[in-house]
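Presented below is the structure to which this report refers.
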Amino acid sequence: MAKGSIFGTLSGKIGTVVVYERNGKQIVRSNPEQRDPKTPAQLAHRMKFSLVNKGLSPLNNVIKIGFKNSEKNYRKLVGEAYHNAIVGEYPSFSLDYSKIQVAEGDLQLPANIKMSDEEGSNIVSFNWDPEIAVPARKSRPDDHVNIVCLNSKYLAEVHTFNVARRSEGKTSFELPKGWEPKDLNFWVFITSYDLMDNSNSLYVSTHQN
């Protein structure tokens with residue numbers, strides 16, 4: 001509220017007008033109320049950003065391991081997912097986990113990686129070609145096979161590092177009870193025998209087409 005009188009200088013706020021004194025002169029300026037217009041574009045941006053942050057947050061520790069020799073980090077991956085992994089139209093956005101990488105590197109991934117699950121069981125199995133397809137720098141039979149599982153319904157992440165060696169060609173492990181295959185997203189990547197290097201990750205899922 002403005003203060004003063006008709007016999008003196010006014011100062012303060014009258015509606016959207018601000019009155020104050022500067023260098024002995026009375027200044028009157030408009031003071032429009034601050035607004036958050038919430039345009040469709042702004043609302044869409046906020047929803048996308050929230051969706052990506054919420055979806056990738058459970059994978060933060062895995063990403064630190066998977067990108068340890070890369071210039072990429074969690075923030076950069078959030079940016080990539082924002083631009084590349086959001087599907088649908090506002091307000092029905094969803095996150096396409098198949099477009100997200102959890103590891104990056106020069107090691108060679110095994111060929112023919114496949115997964116399977118038995119109905120009524122919470123055990124998942126993975127098979128791959130144990131042979132190194134072509135001579136590759138750093139890749140060895142005793143490289144570690146890493147499998148990451150994310151339940152996109154509960155956003156609970158399970159990771160099992162060093163579940164097998166490349167030369168074994170298969171592995172299996174038990175998931176938490178109540179997890180349904182349609183909600184599960186898996187990534188496979190390789191870590192070198194000395195834990196110094198990784199391969200790129202490969203997304204696999206029981207509900208891929």
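Identifiers in the structure tokens: chain A, B, ... in order shown; residue index from 1 per chain; ligand index from 1 in order shown.
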(request) May I have the residues within 7 Å of range 81-95 of chain A as a ChimeraX atom specification, using only C-alpha atoms and disregarding those fewer than 3 positions away in the same chain? (result) /A:44,48-49,52,77-78,99-100
For C-alpha atoms, I'd like the residues from the last selection saved as a PDB file, in the first residue's frame.
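Now in result-v7.pdb:
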```pdb
ATOM      1  CA  ALA A  44       4.977 -30.544 -22.159  1.00  0.00           C
ATOM      2  CA  LYS A  48       9.138 -34.649 -20.320  1.00  0.00           C
ATOM      3  CA  PHE A  49      11.882 -33.487 -17.966  1.00  0.00           C
ATOM      4  CA  VAL A  52      13.157 -38.648 -17.846  1.00  0.00           C
ATOM      5  CA  LEU A  77      22.181 -38.992 -20.686  1.00  0.00           C
ATOM      6  CA  VAL A  78      19.126 -37.218 -19.266  1.00  0.00           C
ATOM      7  CA  LYS A  99      16.532 -45.988 -26.736  1.00  0.00           C
ATOM      8  CA  ILE A 100      18.598 -45.557 -23.586  1.00  0.00           C
TER       9      ILE A 100
END
```
Give me the residues within 6 Å of Ile190 in chain A as a short mmCIF file (atom, residue, chain, number, x, y, z; two decimals) with all heavy atoms, in the first residue's frame, counting only C-alpha atoms and dropping any in the same chain fewer than 3 places off.
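around.cif, written as the output of this step:
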```cif
data_model
loop_
_atom_site.label_atom_id
_atom_site.label_comp_id
_atom_site.auth_asym_id
_atom_site.auth_seq_id
_atom_site.Cartn_x
_atom_site.Cartn_y
_atom_site.Cartn_z
N HIS A 144 33.77 -60.09 -18.23
CA HIS A 144 32.58 -60.26 -17.39
C HIS A 144 31.31 -59.86 -18.15
O HIS A 144 31.29 -58.84 -18.84
CB HIS A 144 32.69 -59.38 -16.14
CG HIS A 144 33.94 -59.60 -15.36
ND1 HIS A 144 34.16 -60.70 -14.58
CD2 HIS A 144 35.07 -58.84 -15.23
CE1 HIS A 144 35.34 -60.62 -14.00
NE2 HIS A 144 35.92 -59.49 -14.39
N VAL A 145 30.26 -60.64 -17.96
CA VAL A 145 28.95 -60.33 -18.53
C VAL A 145 28.11 -59.65 -17.45
O VAL A 145 27.91 -60.21 -16.37
CB VAL A 145 28.23 -61.59 -19.04
CG1 VAL A 145 26.85 -61.24 -19.57
CG2 VAL A 145 29.07 -62.27 -20.12
N ASN A 146 27.62 -58.45 -17.73
CA ASN A 146 26.80 -57.69 -16.79
C ASN A 146 25.38 -57.59 -17.30
O ASN A 146 25.17 -57.31 -18.48
CB ASN A 146 27.35 -56.26 -16.62
CG ASN A 146 28.82 -56.25 -16.31
OD1 ASN A 146 29.27 -56.92 -15.40
ND2 ASN A 146 29.58 -55.50 -17.10
N ASN A 198 34.58 -51.22 -20.83
CA ASN A 198 33.24 -51.73 -21.07
C ASN A 198 32.95 -51.84 -22.56
O ASN A 198 33.68 -51.28 -23.39
CB ASN A 198 32.17 -50.80 -20.46
CG ASN A 198 32.23 -50.75 -18.95
OD1 ASN A 198 32.41 -51.77 -18.30
ND2 ASN A 198 32.08 -49.56 -18.39
N SER A 199 31.86 -52.52 -22.87
CA SER A 199 31.29 -52.48 -24.21
C SER A 199 30.11 -51.53 -24.21
O SER A 199 29.71 -51.03 -23.15
CB SER A 199 30.81 -53.89 -24.62
OG SER A 199 29.66 -54.23 -23.85
#
```
(message) Taking the DSSP secondary structure from the backbone, can you list the residues of range 13-122 of chain A that are strand (DSSP E), as a VMD selection string?
(response) chain A and resid 13 to 14 17 to 22 25 to 30 86 to 87 94 to 95 114 to 117
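Considering only C-alpha atoms, the residue among A:Asn61, A:Glu118, A:Phe161, A:Leu150 positioned nearest to Ser98 in chain A is A:Leu150.
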(request) Please identify all polymer residues within 12 Å of Ile123 in chain A, counting only C-alpha atoms, omitting same-chain residues fewer than 2 positions from it, and present them as a list in words. (result) Met115, Ser116, Asp117, Glu118, Glu119, Gly120, Ser121, Ser125, Phe126, Thr171, Ser172, Phe173, Glu174, Leu175, Pro176, Lys177, Gly178, Trp179, Glu180 and Pro181 of chain A
Need the shell around Tyr74 in chain A: protein/DNA/RNA residues with any atom at most 10 Å away, counting only C-alpha atoms. Skip same-chain ones fewer than 3 positions apart. Format as an mmCIF file with C-alpha atoms, in the first residue's frame?
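Below is the file result_31.cif, written as the result:
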```cif
data_model
loop_
_atom_site.group_PDB
_atom_site.id
_atom_site.type_symbol
_atom_site.label_atom_id
_atom_site.label_comp_id
_atom_site.auth_asym_id
_atom_site.auth_seq_id
_atom_site.Cartn_x
_atom_site.Cartn_y
_atom_site.Cartn_z
ATOM 1 C CA ASN A 53 14.572 -37.765 -14.417
ATOM 2 C CA LEU A 56 16.683 -42.706 -15.187
ATOM 3 C CA SER A 57 17.219 -42.007 -11.494
ATOM 4 C CA LEU A 59 19.977 -46.322 -13.063
ATOM 5 C CA ASN A 60 22.321 -43.628 -11.754
ATOM 6 C CA ASN A 61 24.811 -46.016 -10.115
ATOM 7 C CA VAL A 62 24.822 -48.331 -13.125
ATOM 8 C CA ILE A 63 25.502 -45.386 -15.433
ATOM 9 C CA LYS A 64 28.494 -44.361 -13.329
ATOM 10 C CA PHE A 67 30.301 -44.799 -18.622
ATOM 11 C CA LEU A 77 22.181 -38.992 -20.686
ATOM 12 C CA VAL A 78 19.126 -37.218 -19.266
ATOM 13 C CA GLY A 79 19.452 -34.701 -22.096
ATOM 14 C CA GLU A 80 19.764 -37.448 -24.710
ATOM 15 C CA VAL A 102 23.553 -47.691 -19.750
#
```
(message) Please compute the CA of Val148 in chain A-CA of Met47 in chain A distance, one decimal, in Å.
(response)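 Value for the CA of Val148 in chain A-CA of Met47 in chain A distance: 26.0 Å.
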(request) Provide the CA of Ala156 in chain A to CA of Ile113 in chain A distance in Å, to one decimal place. (result)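 One can read the CA of Ala156 in chain A to CA of Ile113 in chain A distance as 23.6 Å.
With CA of Glu131 in chain A on one side and CA of Ala103 in chain A on the other, the separation reads 21.2 Å.
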(message) Which of range 17-148 of chain A end up as helix (DSSP H, G or I) when DSSP is run on this backbone - answer as a ChimeraX atom specification?
(response) /A:40-66,74-84,97-99
(request) Quick one: everything within 8 Å of Leu202 in chain A, counting only C-alpha atoms, minus sequence neighbours fewer than 6 positions away in the same chain. Send it as a list in words. (result)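 Contacts, with the query itself left out: Gln101, Trp187, Val188 and Phe189 of chain A.
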Put those residues in a file: N, CA, C and O atoms, as a PDB file, in the first residue's frame.
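File written: result_31.pdb
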```pdb
ATOM      1  N   GLN A 101      20.978 -45.924 -23.401  1.00  0.00           N
ATOM      2  CA  GLN A 101      22.201 -46.690 -23.176  1.00  0.00           C
ATOM      3  C   GLN A 101      22.585 -46.608 -21.705  1.00  0.00           C
ATOM      4  O   GLN A 101      22.458 -45.551 -21.082  1.00  0.00           O
ATOM      5  N   TRP A 187      19.346 -54.692 -19.879  1.00  0.00           N
ATOM      6  CA  TRP A 187      20.496 -54.312 -20.691  1.00  0.00           C
ATOM      7  C   TRP A 187      21.630 -55.290 -20.403  1.00  0.00           C
ATOM      8  O   TRP A 187      21.819 -55.710 -19.248  1.00  0.00           O
ATOM      9  N   VAL A 188      22.363 -55.625 -21.434  1.00  0.00           N
ATOM     10  CA  VAL A 188      23.538 -56.473 -21.283  1.00  0.00           C
ATOM     11  C   VAL A 188      24.752 -55.675 -21.751  1.00  0.00           C
ATOM     12  O   VAL A 188      24.703 -55.007 -22.791  1.00  0.00           O
ATOM     13  N   PHE A 189      25.823 -55.720 -20.970  1.00  0.00           N
ATOM     14  CA  PHE A 189      27.083 -55.155 -21.451  1.00  0.00           C
ATOM     15  C   PHE A 189      28.246 -55.941 -20.868  1.00  0.00           C
ATOM     16  O   PHE A 189      28.090 -56.715 -19.917  1.00  0.00           O
TER      17      PHE A 189
END
```
(message) Which residue is closest to Ser201 in chain A? Choose from A:Lys54, A:Phe186, A:Asp96, A:Arg46 and count only C-alpha atoms.
(response)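 Smallest distance to Ser201 in chain A is found for A:Phe186.
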